[in-house]
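In what follows, a single structure is set out as structure tokens and then discussed.
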Amino acid sequence: MSCGEIQLRIPAHVRCLCIVRRLIEGVCRVVGFDQKTTDQLVLANEEAVTNVIVHAYQGTDEGHVSITCRMRSDGLELVIEDQGHPFDGDRFEAPDPSEIRAGGRGVFLIREIMDEVEYIPGESVGTVLRLLKRLP
Amino acid sequence: MSAAGPEQFEIQVETHDNVTLVRLTGELDAAESSRLRETLVGLVKDRVERLCVDMAGLGFINSAGIATLIECLQGMRAYQGGLALAGLNERIHNVFEVARLDTVFGIHADVDAAIAALSEDPG
């Protein structure tokens, strides 16, 4: 499949994360990723959406998260958008993975899994996160 | 969302040969990690000496779930308690590998192997 876009808009609530996982699983199957890559993409997207819910909206249950899946001939682009507190992910220093600490691994996992990670400030508020994974 | 399904997260705690066994099933995400944290914090507070987390029935884990396990590991190390993870499927094991934590935890193929390892070297 060479083109196609699916968009999902969810309330910024952790109870909606399971819906997003099912979407990403299905999209990966359509694009043609193997199971291991699919599992990793589900995880990367989950980390991104969870960060929006917990940090951009600070767990208030207010606001929405928009997840756009762009199925390309060379892979999959995921765009996660919010209107919460902005996050400058390019400046964020993920903790050293060798450091045994409980928190802060979400951004590290995203960067490890995806081929491209781009944080773009929203037009007036929020953040747009663009993730790209190429087919082998 | 109250309908149960294969992704419904459940925690069971039992004792087996002086090892406290915590069985996890379903999907462990940010919605459920606080429940696991509550359970594990309680066990660490009780200073259980040997703890095995059976993950054979776990279909998903994210960094929030892993953070909870790290917190438990650090708490138990403070009193020389032993923690082992058992039954990780390929998907779950890969998460630990990507997070560079696959050598931090004692990871075993199944509960019997984990219990045997904890009995030999509790902590």
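Residues in the structure tokens are named by chain (A, B, ... in the order shown) and by number from 1 within that chain; ligands are numbered from 1 in the order shown.
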I'd like to know which residues of chain A are strand (DSSP E or B) (by DSSP, run on the backbone); could you write them as a PDB file with all heavy atoms, in the first residue's frame?
```
ATOM      1  N   GLU A   5      -4.138   7.580   4.959  1.00  0.00           N
ATOM      2  CA  GLU A   5      -3.995   8.228   6.254  1.00  0.00           C
ATOM      3  C   GLU A   5      -5.178   7.884   7.134  1.00  0.00           C
ATOM      4  O   GLU A   5      -6.320   7.874   6.676  1.00  0.00           O
ATOM      5  CB  GLU A   5      -3.920   9.750   6.027  1.00  0.00           C
ATOM      6  CG  GLU A   5      -3.710  10.563   7.266  1.00  0.00           C
ATOM      7  CD  GLU A   5      -3.493  12.037   6.930  1.00  0.00           C
ATOM      8  OE1 GLU A   5      -2.525  12.357   6.231  1.00  0.00           O
ATOM      9  OE2 GLU A   5      -4.309  12.859   7.393  1.00  0.00           O
ATOM     10  N   ILE A   6      -4.882   7.570   8.367  1.00  0.00           N
ATOM     11  CA  ILE A   6      -5.938   7.311   9.351  1.00  0.00           C
ATOM     12  C   ILE A   6      -5.683   8.229  10.524  1.00  0.00           C
ATOM     13  O   ILE A   6      -4.540   8.354  10.986  1.00  0.00           O
ATOM     14  CB  ILE A   6      -5.899   5.838   9.825  1.00  0.00           C
ATOM     15  CG1 ILE A   6      -6.202   4.912   8.657  1.00  0.00           C
ATOM     16  CG2 ILE A   6      -6.899   5.615  10.955  1.00  0.00           C
ATOM     17  CD1 ILE A   6      -6.049   3.450   8.984  1.00  0.00           C
ATOM     18  N   GLN A   7      -6.734   8.851  11.011  1.00  0.00           N
ATOM     19  CA  GLN A   7      -6.577   9.748  12.152  1.00  0.00           C
ATOM     20  C   GLN A   7      -7.511   9.341  13.278  1.00  0.00           C
ATOM     21  O   GLN A   7      -8.674   8.983  13.050  1.00  0.00           O
ATOM     22  CB  GLN A   7      -6.863  11.199  11.737  1.00  0.00           C
ATOM     23  CG  GLN A   7      -6.422  12.207  12.794  1.00  0.00           C
ATOM     24  CD  GLN A   7      -6.572  13.644  12.301  1.00  0.00           C
ATOM     25  OE1 GLN A   7      -7.675  14.138  12.156  1.00  0.00           O
ATOM     26  NE2 GLN A   7      -5.448  14.279  12.049  1.00  0.00           N
ATOM     27  N   LEU A   8      -6.971   9.375  14.469  1.00  0.00           N
ATOM     28  CA  LEU A   8      -7.743   9.055  15.665  1.00  0.00           C
ATOM     29  C   LEU A   8      -7.584  10.199  16.652  1.00  0.00           C
ATOM     30  O   LEU A   8      -6.477  10.682  16.878  1.00  0.00           O
ATOM     31  CB  LEU A   8      -7.218   7.747  16.296  1.00  0.00           C
ATOM     32  CG  LEU A   8      -7.861   7.287  17.604  1.00  0.00           C
ATOM     33  CD1 LEU A   8      -9.298   6.828  17.366  1.00  0.00           C
ATOM     34  CD2 LEU A   8      -7.052   6.141  18.221  1.00  0.00           C
ATOM     35  N   ARG A   9      -8.694  10.615  17.238  1.00  0.00           N
ATOM     36  CA  ARG A   9      -8.634  11.688  18.238  1.00  0.00           C
ATOM     37  C   ARG A   9      -9.229  11.127  19.519  1.00  0.00           C
ATOM     38  O   ARG A   9     -10.392  10.703  19.540  1.00  0.00           O
ATOM     39  CB  ARG A   9      -9.428  12.903  17.761  1.00  0.00           C
ATOM     40  CG  ARG A   9      -9.308  14.128  18.646  1.00  0.00           C
ATOM     41  CD  ARG A   9      -9.875  15.349  17.920  1.00  0.00           C
ATOM     42  NE  ARG A   9      -9.910  16.523  18.770  1.00  0.00           N
ATOM     43  CZ  ARG A   9     -10.979  16.930  19.459  1.00  0.00           C
ATOM     44  NH1 ARG A   9     -12.108  16.249  19.388  1.00  0.00           N
ATOM     45  NH2 ARG A   9     -10.923  18.013  20.195  1.00  0.00           N
ATOM     46  N   ILE A  10      -8.422  11.094  20.576  1.00  0.00           N
ATOM     47  CA  ILE A  10      -8.880  10.493  21.827  1.00  0.00           C
ATOM     48  C   ILE A  10      -8.872  11.517  22.946  1.00  0.00           C
ATOM     49  O   ILE A  10      -8.101  12.480  22.927  1.00  0.00           O
ATOM     50  CB  ILE A  10      -7.981   9.297  22.250  1.00  0.00           C
ATOM     51  CG1 ILE A  10      -6.534   9.756  22.474  1.00  0.00           C
ATOM     52  CG2 ILE A  10      -8.051   8.167  21.237  1.00  0.00           C
ATOM     53  CD1 ILE A  10      -5.677   8.754  23.220  1.00  0.00           C
ATOM     54  N   PRO A  11      -9.723  11.334  23.959  1.00  0.00           N
ATOM     55  CA  PRO A  11      -9.586  12.164  25.164  1.00  0.00           C
ATOM     56  C   PRO A  11      -8.224  11.876  25.788  1.00  0.00           C
ATOM     57  O   PRO A  11      -7.717  10.746  25.720  1.00  0.00           O
ATOM     58  CB  PRO A  11     -10.719  11.680  26.068  1.00  0.00           C
ATOM     59  CG  PRO A  11     -11.642  10.928  25.176  1.00  0.00           C
ATOM     60  CD  PRO A  11     -10.805  10.373  24.070  1.00  0.00           C
ATOM     61  N   HIS A  64      -7.469  16.739  24.275  1.00  0.00           N
ATOM     62  CA  HIS A  64      -7.465  15.590  23.388  1.00  0.00           C
ATOM     63  C   HIS A  64      -6.088  15.383  22.797  1.00  0.00           C
ATOM     64  O   HIS A  64      -5.267  16.293  22.744  1.00  0.00           O
ATOM     65  CB  HIS A  64      -8.484  15.784  22.259  1.00  0.00           C
ATOM     66  CG  HIS A  64      -9.900  15.713  22.733  1.00  0.00           C
ATOM     67  ND1 HIS A  64     -10.549  16.774  23.328  1.00  0.00           N
ATOM     68  CD2 HIS A  64     -10.791  14.684  22.713  1.00  0.00           C
ATOM     69  CE1 HIS A  64     -11.766  16.403  23.659  1.00  0.00           C
ATOM     70  NE2 HIS A  64     -11.950  15.155  23.291  1.00  0.00           N
ATOM     71  N   VAL A  65      -5.870  14.168  22.331  1.00  0.00           N
ATOM     72  CA  VAL A  65      -4.636  13.826  21.624  1.00  0.00           C
ATOM     73  C   VAL A  65      -5.040  13.324  20.249  1.00  0.00           C
ATOM     74  O   VAL A  65      -5.939  12.472  20.137  1.00  0.00           O
ATOM     75  CB  VAL A  65      -3.845  12.722  22.352  1.00  0.00           C
ATOM     76  CG1 VAL A  65      -2.490  12.522  21.681  1.00  0.00           C
ATOM     77  CG2 VAL A  65      -3.680  13.043  23.817  1.00  0.00           C
ATOM     78  N   SER A  66      -4.386  13.844  19.238  1.00  0.00           N
ATOM     79  CA  SER A  66      -4.670  13.419  17.876  1.00  0.00           C
ATOM     80  C   SER A  66      -3.504  12.572  17.373  1.00  0.00           C
ATOM     81  O   SER A  66      -2.346  12.999  17.462  1.00  0.00           O
ATOM     82  CB  SER A  66      -4.866  14.666  17.000  1.00  0.00           C
ATOM     83  OG  SER A  66      -4.875  14.306  15.659  1.00  0.00           O
ATOM     84  N   ILE A  67      -3.825  11.377  16.879  1.00  0.00           N
ATOM     85  CA  ILE A  67      -2.785  10.487  16.337  1.00  0.00           C
ATOM     86  C   ILE A  67      -3.096  10.264  14.859  1.00  0.00           C
ATOM     87  O   ILE A  67      -4.170   9.750  14.522  1.00  0.00           O
ATOM     88  CB  ILE A  67      -2.764   9.128  17.076  1.00  0.00           C
ATOM     89  CG1 ILE A  67      -2.510   9.349  18.563  1.00  0.00           C
ATOM     90  CG2 ILE A  67      -1.693   8.211  16.492  1.00  0.00           C
ATOM     91  CD1 ILE A  67      -3.686   9.038  19.442  1.00  0.00           C
ATOM     92  N   THR A  68      -2.176  10.673  14.008  1.00  0.00           N
ATOM     93  CA  THR A  68      -2.351  10.489  12.567  1.00  0.00           C
ATOM     94  C   THR A  68      -1.344   9.466  12.078  1.00  0.00           C
ATOM     95  O   THR A  68      -0.142   9.582  12.354  1.00  0.00           O
ATOM     96  CB  THR A  68      -2.134  11.822  11.816  1.00  0.00           C
ATOM     97  OG1 THR A  68      -3.047  12.797  12.333  1.00  0.00           O
ATOM     98  CG2 THR A  68      -2.387  11.648  10.317  1.00  0.00           C
ATOM     99  N   CYS A  69      -1.843   8.459  11.386  1.00  0.00           N
ATOM    100  CA  CYS A  69      -0.977   7.405  10.831  1.00  0.00           C
ATOM    101  C   CYS A  69      -0.942   7.584   9.318  1.00  0.00           C
ATOM    102  O   CYS A  69      -1.980   7.441   8.654  1.00  0.00           O
ATOM    103  CB  CYS A  69      -1.546   6.022  11.147  1.00  0.00           C
ATOM    104  SG  CYS A  69      -1.881   5.747  12.884  1.00  0.00           S
ATOM    105  N   ARG A  70       0.232   7.912   8.790  1.00  0.00           N
ATOM    106  CA  ARG A  70       0.387   8.087   7.336  1.00  0.00           C
ATOM    107  C   ARG A  70       1.146   6.876   6.803  1.00  0.00           C
ATOM    108  O   ARG A  70       2.339   6.710   7.061  1.00  0.00           O
ATOM    109  CB  ARG A  70       1.144   9.365   7.012  1.00  0.00           C
ATOM    110  CG  ARG A  70       0.396  10.611   7.439  1.00  0.00           C
ATOM    111  CD  ARG A  70       0.976  11.895   6.926  1.00  0.00           C
ATOM    112  NE  ARG A  70       0.167  13.011   7.405  1.00  0.00           N
ATOM    113  CZ  ARG A  70       0.643  14.026   8.129  1.00  0.00           C
ATOM    114  NH1 ARG A  70       1.916  14.080   8.450  1.00  0.00           N
ATOM    115  NH2 ARG A  70      -0.170  14.978   8.548  1.00  0.00           N
ATOM    116  N   MET A  71       0.405   6.051   6.083  1.00  0.00           N
ATOM    117  CA  MET A  71       0.990   4.823   5.537  1.00  0.00           C
ATOM    118  C   MET A  71       1.661   5.151   4.208  1.00  0.00           C
ATOM    119  O   MET A  71       0.984   5.552   3.262  1.00  0.00           O
ATOM    120  CB  MET A  71      -0.110   3.771   5.381  1.00  0.00           C
ATOM    121  CG  MET A  71      -0.709   3.373   6.723  1.00  0.00           C
ATOM    122  SD  MET A  71      -2.170   2.326   6.592  1.00  0.00           S
ATOM    123  CE  MET A  71      -3.416   3.539   6.183  1.00  0.00           C
ATOM    124  N   ARG A  72       2.973   5.019   4.170  1.00  0.00           N
ATOM    125  CA  ARG A  72       3.753   5.385   2.977  1.00  0.00           C
ATOM    126  C   ARG A  72       4.351   4.144   2.354  1.00  0.00           C
ATOM    127  O   ARG A  72       4.446   3.101   3.006  1.00  0.00           O
ATOM    128  CB  ARG A  72       4.880   6.348   3.378  1.00  0.00           C
ATOM    129  CG  ARG A  72       4.378   7.634   3.995  1.00  0.00           C
ATOM    130  CD  ARG A  72       5.412   8.456   4.744  1.00  0.00           C
ATOM    131  NE  ARG A  72       6.782   8.365   4.339  1.00  0.00           N
ATOM    132  CZ  ARG A  72       7.676   9.314   4.589  1.00  0.00           C
ATOM    133  NH1 ARG A  72       7.304  10.421   5.190  1.00  0.00           N
ATOM    134  NH2 ARG A  72       8.935   9.158   4.236  1.00  0.00           N
ATOM    135  N   GLY A  75       7.351   3.288   4.481  1.00  0.00           N
ATOM    136  CA  GLY A  75       7.234   3.085   5.913  1.00  0.00           C
ATOM    137  C   GLY A  75       6.004   3.748   6.500  1.00  0.00           C
ATOM    138  O   GLY A  75       4.977   3.922   5.834  1.00  0.00           O
ATOM    139  N   LEU A  76       6.124   4.103   7.748  1.00  0.00           N
ATOM    140  CA  LEU A  76       4.981   4.642   8.488  1.00  0.00           C
ATOM    141  C   LEU A  76       5.384   5.925   9.212  1.00  0.00           C
ATOM    142  O   LEU A  76       6.414   5.959   9.891  1.00  0.00           O
ATOM    143  CB  LEU A  76       4.489   3.612   9.511  1.00  0.00           C
ATOM    144  CG  LEU A  76       3.355   4.041  10.443  1.00  0.00           C
ATOM    145  CD1 LEU A  76       2.072   4.311   9.651  1.00  0.00           C
ATOM    146  CD2 LEU A  76       3.105   2.966  11.503  1.00  0.00           C
ATOM    147  N   GLU A  77       4.561   6.935   9.034  1.00  0.00           N
ATOM    148  CA  GLU A  77       4.771   8.177   9.766  1.00  0.00           C
ATOM    149  C   GLU A  77       3.641   8.337  10.766  1.00  0.00           C
ATOM    150  O   GLU A  77       2.465   8.217  10.423  1.00  0.00           O
ATOM    151  CB  GLU A  77       4.791   9.363   8.789  1.00  0.00           C
ATOM    152  CG  GLU A  77       5.139  10.689   9.446  1.00  0.00           C
ATOM    153  CD  GLU A  77       5.127  11.830   8.421  1.00  0.00           C
ATOM    154  OE1 GLU A  77       4.087  12.060   7.799  1.00  0.00           O
ATOM    155  OE2 GLU A  77       6.176  12.481   8.276  1.00  0.00           O
ATOM    156  N   LEU A  78       4.015   8.600  12.004  1.00  0.00           N
ATOM    157  CA  LEU A  78       3.032   8.833  13.069  1.00  0.00           C
ATOM    158  C   LEU A  78       3.162  10.285  13.517  1.00  0.00           C
ATOM    159  O   LEU A  78       4.271  10.752  13.785  1.00  0.00           O
ATOM    160  CB  LEU A  78       3.299   7.904  14.257  1.00  0.00           C
ATOM    161  CG  LEU A  78       3.221   6.401  13.963  1.00  0.00           C
ATOM    162  CD1 LEU A  78       3.766   5.600  15.154  1.00  0.00           C
ATOM    163  CD2 LEU A  78       1.794   5.989  13.672  1.00  0.00           C
ATOM    164  N   VAL A  79       2.031  10.971  13.596  1.00  0.00           N
ATOM    165  CA  VAL A  79       2.056  12.357  14.037  1.00  0.00           C
ATOM    166  C   VAL A  79       1.135  12.465  15.244  1.00  0.00           C
ATOM    167  O   VAL A  79      -0.058  12.174  15.152  1.00  0.00           O
ATOM    168  CB  VAL A  79       1.605  13.314  12.919  1.00  0.00           C
ATOM    169  CG1 VAL A  79       1.646  14.759  13.419  1.00  0.00           C
ATOM    170  CG2 VAL A  79       2.493  13.153  11.690  1.00  0.00           C
ATOM    171  N   ILE A  80       1.709  12.865  16.369  1.00  0.00           N
ATOM    172  CA  ILE A  80       0.941  12.986  17.617  1.00  0.00           C
ATOM    173  C   ILE A  80       0.844  14.465  17.961  1.00  0.00           C
ATOM    174  O   ILE A  80       1.859  15.140  18.113  1.00  0.00           O
ATOM    175  CB  ILE A  80       1.636  12.199  18.753  1.00  0.00           C
ATOM    176  CG1 ILE A  80       1.651  10.707  18.413  1.00  0.00           C
ATOM    177  CG2 ILE A  80       0.903  12.405  20.081  1.00  0.00           C
ATOM    178  CD1 ILE A  80       2.981  10.171  17.981  1.00  0.00           C
ATOM    179  N   GLU A  81      -0.372  14.960  18.068  1.00  0.00           N
ATOM    180  CA  GLU A  81      -0.580  16.394  18.303  1.00  0.00           C
ATOM    181  C   GLU A  81      -1.385  16.641  19.567  1.00  0.00           C
ATOM    182  O   GLU A  81      -2.322  15.887  19.864  1.00  0.00           O
ATOM    183  CB  GLU A  81      -1.337  17.012  17.120  1.00  0.00           C
ATOM    184  CG  GLU A  81      -0.586  16.955  15.807  1.00  0.00           C
ATOM    185  CD  GLU A  81      -1.378  17.560  14.668  1.00  0.00           C
ATOM    186  OE1 GLU A  81      -1.559  18.792  14.658  1.00  0.00           O
ATOM    187  OE2 GLU A  81      -1.820  16.804  13.785  1.00  0.00           O
ATOM    188  N   ASP A  82      -1.020  17.694  20.283  1.00  0.00           N
ATOM    189  CA  ASP A  82      -1.776  18.091  21.469  1.00  0.00           C
ATOM    190  C   ASP A  82      -1.832  19.599  21.558  1.00  0.00           C
ATOM    191  O   ASP A  82      -1.114  20.316  20.858  1.00  0.00           O
ATOM    192  CB  ASP A  82      -1.117  17.502  22.735  1.00  0.00           C
ATOM    193  CG  ASP A  82       0.234  18.139  23.028  1.00  0.00           C
ATOM    194  OD1 ASP A  82       0.251  19.223  23.659  1.00  0.00           O
ATOM    195  OD2 ASP A  82       1.257  17.556  22.641  1.00  0.00           O
ATOM    196  N   GLU A 116      13.219   8.495  12.649  1.00  0.00           N
ATOM    197  CA  GLU A 116      13.214   9.960  12.748  1.00  0.00           C
ATOM    198  C   GLU A 116      12.273  10.386  13.861  1.00  0.00           C
ATOM    199  O   GLU A 116      11.172   9.829  13.985  1.00  0.00           O
ATOM    200  CB  GLU A 116      12.758  10.599  11.420  1.00  0.00           C
ATOM    201  CG  GLU A 116      13.761  10.464  10.294  1.00  0.00           C
ATOM    202  CD  GLU A 116      13.287  11.095   8.995  1.00  0.00           C
ATOM    203  OE1 GLU A 116      12.380  11.953   9.028  1.00  0.00           O
ATOM    204  OE2 GLU A 116      13.832  10.716   7.937  1.00  0.00           O
ATOM    205  N   VAL A 117      12.707  11.352  14.654  1.00  0.00           N
ATOM    206  CA  VAL A 117      11.894  11.895  15.739  1.00  0.00           C
ATOM    207  C   VAL A 117      12.000  13.423  15.657  1.00  0.00           C
ATOM    208  O   VAL A 117      13.091  13.973  15.706  1.00  0.00           O
ATOM    209  CB  VAL A 117      12.396  11.418  17.119  1.00  0.00           C
ATOM    210  CG1 VAL A 117      11.551  12.040  18.237  1.00  0.00           C
ATOM    211  CG2 VAL A 117      12.373   9.902  17.204  1.00  0.00           C
ATOM    212  N   GLU A 118      10.860  14.087  15.504  1.00  0.00           N
ATOM    213  CA  GLU A 118      10.887  15.542  15.350  1.00  0.00           C
ATOM    214  C   GLU A 118       9.807  16.169  16.208  1.00  0.00           C
ATOM    215  O   GLU A 118       8.631  15.828  16.089  1.00  0.00           O
ATOM    216  CB  GLU A 118      10.668  15.903  13.883  1.00  0.00           C
ATOM    217  CG  GLU A 118      10.840  17.384  13.583  1.00  0.00           C
ATOM    218  CD  GLU A 118      10.564  17.717  12.119  1.00  0.00           C
ATOM    219  OE1 GLU A 118      10.143  16.814  11.357  1.00  0.00           O
ATOM    220  OE2 GLU A 118      10.747  18.881  11.748  1.00  0.00           O
ATOM    221  N   TYR A 119      10.197  17.080  17.078  1.00  0.00           N
ATOM    222  CA  TYR A 119       9.253  17.824  17.907  1.00  0.00           C
ATOM    223  C   TYR A 119       9.069  19.207  17.280  1.00  0.00           C
ATOM    224  O   TYR A 119      10.038  19.932  17.074  1.00  0.00           O
ATOM    225  CB  TYR A 119       9.776  17.972  19.334  1.00  0.00           C
ATOM    226  CG  TYR A 119       9.777  16.684  20.125  1.00  0.00           C
ATOM    227  CD1 TYR A 119      10.866  15.820  20.082  1.00  0.00           C
ATOM    228  CD2 TYR A 119       8.681  16.323  20.916  1.00  0.00           C
ATOM    229  CE1 TYR A 119      10.882  14.631  20.809  1.00  0.00           C
ATOM    230  CE2 TYR A 119       8.690  15.144  21.648  1.00  0.00           C
ATOM    231  CZ  TYR A 119       9.785  14.313  21.583  1.00  0.00           C
ATOM    232  OH  TYR A 119       9.785  13.140  22.306  1.00  0.00           O
ATOM    233  N   ILE A 120       7.818  19.560  17.005  1.00  0.00           N
ATOM    234  CA  ILE A 120       7.514  20.843  16.368  1.00  0.00           C
ATOM    235  C   ILE A 120       6.545  21.600  17.272  1.00  0.00           C
ATOM    236  O   ILE A 120       5.506  21.042  17.654  1.00  0.00           O
ATOM    237  CB  ILE A 120       6.848  20.624  14.996  1.00  0.00           C
ATOM    238  CG1 ILE A 120       7.734  19.692  14.135  1.00  0.00           C
ATOM    239  CG2 ILE A 120       6.616  21.950  14.274  1.00  0.00           C
ATOM    240  CD1 ILE A 120       6.973  18.990  13.040  1.00  0.00           C
ATOM    241  N   PRO A 121       6.856  22.840  17.646  1.00  0.00           N
ATOM    242  CA  PRO A 121       5.906  23.580  18.477  1.00  0.00           C
ATOM    243  C   PRO A 121       4.590  23.738  17.732  1.00  0.00           C
ATOM    244  O   PRO A 121       4.564  23.948  16.522  1.00  0.00           O
ATOM    245  CB  PRO A 121       6.587  24.940  18.679  1.00  0.00           C
ATOM    246  CG  PRO A 121       8.011  24.717  18.323  1.00  0.00           C
ATOM    247  CD  PRO A 121       8.047  23.614  17.316  1.00  0.00           C
ATOM    248  N   THR A 127       2.178  20.785  21.110  1.00  0.00           N
ATOM    249  CA  THR A 127       3.335  20.226  20.416  1.00  0.00           C
ATOM    250  C   THR A 127       2.860  19.274  19.331  1.00  0.00           C
ATOM    251  O   THR A 127       1.820  18.619  19.478  1.00  0.00           O
ATOM    252  CB  THR A 127       4.229  19.442  21.413  1.00  0.00           C
ATOM    253  OG1 THR A 127       4.546  20.285  22.513  1.00  0.00           O
ATOM    254  CG2 THR A 127       5.506  18.962  20.751  1.00  0.00           C
ATOM    255  N   VAL A 128       3.609  19.212  18.245  1.00  0.00           N
ATOM    256  CA  VAL A 128       3.400  18.202  17.209  1.00  0.00           C
ATOM    257  C   VAL A 128       4.642  17.313  17.209  1.00  0.00           C
ATOM    258  O   VAL A 128       5.766  17.807  17.070  1.00  0.00           O
ATOM    259  CB  VAL A 128       3.220  18.858  15.821  1.00  0.00           C
ATOM    260  CG1 VAL A 128       3.095  17.782  14.742  1.00  0.00           C
ATOM    261  CG2 VAL A 128       2.013  19.780  15.819  1.00  0.00           C
ATOM    262  N   LEU A 129       4.439  16.035  17.408  1.00  0.00           N
ATOM    263  CA  LEU A 129       5.551  15.088  17.403  1.00  0.00           C
ATOM    264  C   LEU A 129       5.427  14.220  16.162  1.00  0.00           C
ATOM    265  O   LEU A 129       4.410  13.565  15.960  1.00  0.00           O
ATOM    266  CB  LEU A 129       5.517  14.217  18.664  1.00  0.00           C
ATOM    267  CG  LEU A 129       6.482  13.016  18.708  1.00  0.00           C
ATOM    268  CD1 LEU A 129       7.923  13.459  18.558  1.00  0.00           C
ATOM    269  CD2 LEU A 129       6.293  12.237  20.002  1.00  0.00           C
ATOM    270  N   ARG A 130       6.450  14.225  15.340  1.00  0.00           N
ATOM    271  CA  ARG A 130       6.455  13.420  14.111  1.00  0.00           C
ATOM    272  C   ARG A 130       7.456  12.283  14.265  1.00  0.00           C
ATOM    273  O   ARG A 130       8.625  12.506  14.587  1.00  0.00           O
ATOM    274  CB  ARG A 130       6.830  14.290  12.910  1.00  0.00           C
ATOM    275  CG  ARG A 130       6.644  13.614  11.557  1.00  0.00           C
ATOM    276  CD  ARG A 130       7.160  14.494  10.423  1.00  0.00           C
ATOM    277  NE  ARG A 130       8.606  14.538  10.420  1.00  0.00           N
ATOM    278  CZ  ARG A 130       9.402  13.663   9.796  1.00  0.00           C
ATOM    279  NH1 ARG A 130       8.886  12.639   9.127  1.00  0.00           N
ATOM    280  NH2 ARG A 130      10.712  13.801   9.838  1.00  0.00           N
ATOM    281  N   LEU A 131       6.973  11.075  14.051  1.00  0.00           N
ATOM    282  CA  LEU A 131       7.818   9.887  14.157  1.00  0.00           C
ATOM    283  C   LEU A 131       7.795   9.141  12.827  1.00  0.00           C
ATOM    284  O   LEU A 131       6.740   9.007  12.209  1.00  0.00           O
ATOM    285  CB  LEU A 131       7.290   8.947  15.260  1.00  0.00           C
ATOM    286  CG  LEU A 131       7.067   9.554  16.641  1.00  0.00           C
ATOM    287  CD1 LEU A 131       6.413   8.522  17.572  1.00  0.00           C
ATOM    288  CD2 LEU A 131       8.366  10.033  17.244  1.00  0.00           C
ATOM    289  N   LEU A 132       8.936   8.661  12.399  1.00  0.00           N
ATOM    290  CA  LEU A 132       9.012   7.925  11.137  1.00  0.00           C
ATOM    291  C   LEU A 132       9.761   6.612  11.336  1.00  0.00           C
ATOM    292  O   LEU A 132      10.825   6.576  11.964  1.00  0.00           O
ATOM    293  CB  LEU A 132       9.721   8.744  10.060  1.00  0.00           C
ATOM    294  CG  LEU A 132       9.899   8.042   8.706  1.00  0.00           C
ATOM    295  CD1 LEU A 132       8.550   7.846   8.011  1.00  0.00           C
ATOM    296  CD2 LEU A 132      10.853   8.806   7.811  1.00  0.00           C
ATOM    297  N   LYS A 133       9.176   5.538  10.809  1.00  0.00           N
ATOM    298  CA  LYS A 133       9.863   4.247  10.789  1.00  0.00           C
ATOM    299  C   LYS A 133       9.853   3.739   9.357  1.00  0.00           C
ATOM    300  O   LYS A 133       8.772   3.621   8.748  1.00  0.00           O
ATOM    301  CB  LYS A 133       9.153   3.232  11.683  1.00  0.00           C
ATOM    302  CG  LYS A 133       9.879   1.905  11.825  1.00  0.00           C
ATOM    303  CD  LYS A 133      11.135   2.051  12.638  1.00  0.00           C
ATOM    304  CE  LYS A 133      11.799   0.701  12.918  1.00  0.00           C
ATOM    305  NZ  LYS A 133      13.032   0.859  13.713  1.00  0.00           N
ATOM    306  N   ARG A 134      11.008   3.461   8.825  1.00  0.00           N
ATOM    307  CA  ARG A 134      11.094   3.014   7.435  1.00  0.00           C
ATOM    308  C   ARG A 134      11.001   1.482   7.359  1.00  0.00           C
ATOM    309  O   ARG A 134      11.457   0.774   8.250  1.00  0.00           O
ATOM    310  CB  ARG A 134      12.413   3.454   6.819  1.00  0.00           C
ATOM    311  CG  ARG A 134      12.546   4.959   6.688  1.00  0.00           C
ATOM    312  CD  ARG A 134      13.806   5.377   5.927  1.00  0.00           C
ATOM    313  NE  ARG A 134      13.952   6.827   6.009  1.00  0.00           N
ATOM    314  CZ  ARG A 134      14.592   7.451   6.991  1.00  0.00           C
ATOM    315  NH1 ARG A 134      15.165   6.754   7.950  1.00  0.00           N
ATOM    316  NH2 ARG A 134      14.670   8.775   6.992  1.00  0.00           N
TER     317      ARG A 134
END
```
Could you please write out, as a PyMOL selection string, every residue of chain A that DSSP assigns to alpha helix (DSSP H)? chain A and resi 17-31+35-51+106-113
What lies within 6 Å of region 37-42 of chain A using only C-alpha atoms, ignoring chain neighbours under 3 positions off, as an NGL selection string? :A and (21 or 24 or 28 or 33-34 or 45)
Hey, which bits of chain B sit within 12 Å of chain A, and for each residue what's the closest pair of atoms and how far apart in Å (one decimal), counting only C-alpha atoms, rows by chain and increasing number, as a tab-separated table?
```
residue	atom	partner	partner_atom	distance
B:Met1	CA	A:Arg15	CA	7.6
B:Ser2	CA	A:Arg15	CA	10.5
B:Gly5	CA	A:Cys18	CA	11.3
B:Pro6	CA	A:Cys18	CA	11.4
B:Glu7	CA	A:Cys18	CA	8.2
B:Gln8	CA	A:Cys18	CA	9.8
B:Phe9	CA	A:Cys18	CA	11.2
B:Gly26	CA	A:Cys18	CA	11.1
B:Glu27	CA	A:Cys18	CA	8.5
B:Leu28	CA	A:Cys18	CA	10.0
B:Asp29	CA	A:Leu17	CA	7.8
B:Ala30	CA	A:Val14	CA	6.2
B:Ala31	CA	A:Val14	CA	5.1
B:Glu32	CA	A:Val14	CA	8.8
B:Ser33	CA	A:Val14	CA	10.6
B:Ser34	CA	A:Val14	CA	11.5
B:Arg37	CA	A:Ala102	CA	11.5
B:Gly59	CA	A:Asp39	CA	10.2
B:Phe60	CA	A:Leu43	CA	8.5
B:Ile61	CA	A:Leu43	CA	8.1
B:Asn62	CA	A:Leu43	CA	6.5
B:Ser63	CA	A:Gly106	CA	5.8
B:Ala64	CA	A:Gly103	CA	7.6
B:Gly65	CA	A:Ala102	CA	9.5
B:Ile66	CA	A:Ala102	CA	7.5
B:Ala67	CA	A:Ala102	CA	4.2
B:Thr68	CA	A:Ala102	CA	6.8
B:Leu69	CA	A:Ala102	CA	8.0
B:Ile70	CA	A:Ala102	CA	5.4
B:Glu71	CA	A:Ala102	CA	5.7
B:Cys72	CA	A:Ala102	CA	9.3
B:Leu73	CA	A:Ile100	CA	9.7
B:Gln74	CA	A:Ile100	CA	8.6
B:Gly75	CA	A:Ala102	CA	11.2
B:Asn89	CA	A:Lys36	CA	11.6
B:Glu90	CA	A:Lys36	CA	8.4
B:Arg91	CA	A:Asp39	CA	6.5
B:Ile92	CA	A:Asp39	CA	9.1
B:His93	CA	A:Lys36	CA	10.9
B:Asn94	CA	A:Lys36	CA	8.2
B:Val95	CA	A:Gln40	CA	7.7
B:Phe96	CA	A:Leu109	CA	10.2
B:Glu97	CA	A:Leu109	CA	10.4
B:Val98	CA	A:Leu109	CA	6.9
B:Ala99	CA	A:Leu109	CA	6.4
B:Arg100	CA	A:Pro97	CA	6.2
B:Leu101	CA	A:Ser98	CA	7.9
B:Asp102	CA	A:Ser98	CA	11.0
B:Thr103	CA	A:Ser98	CA	10.3
B:Val104	CA	A:Ile100	CA	8.1
B:Phe105	CA	A:Ile100	CA	10.5
```
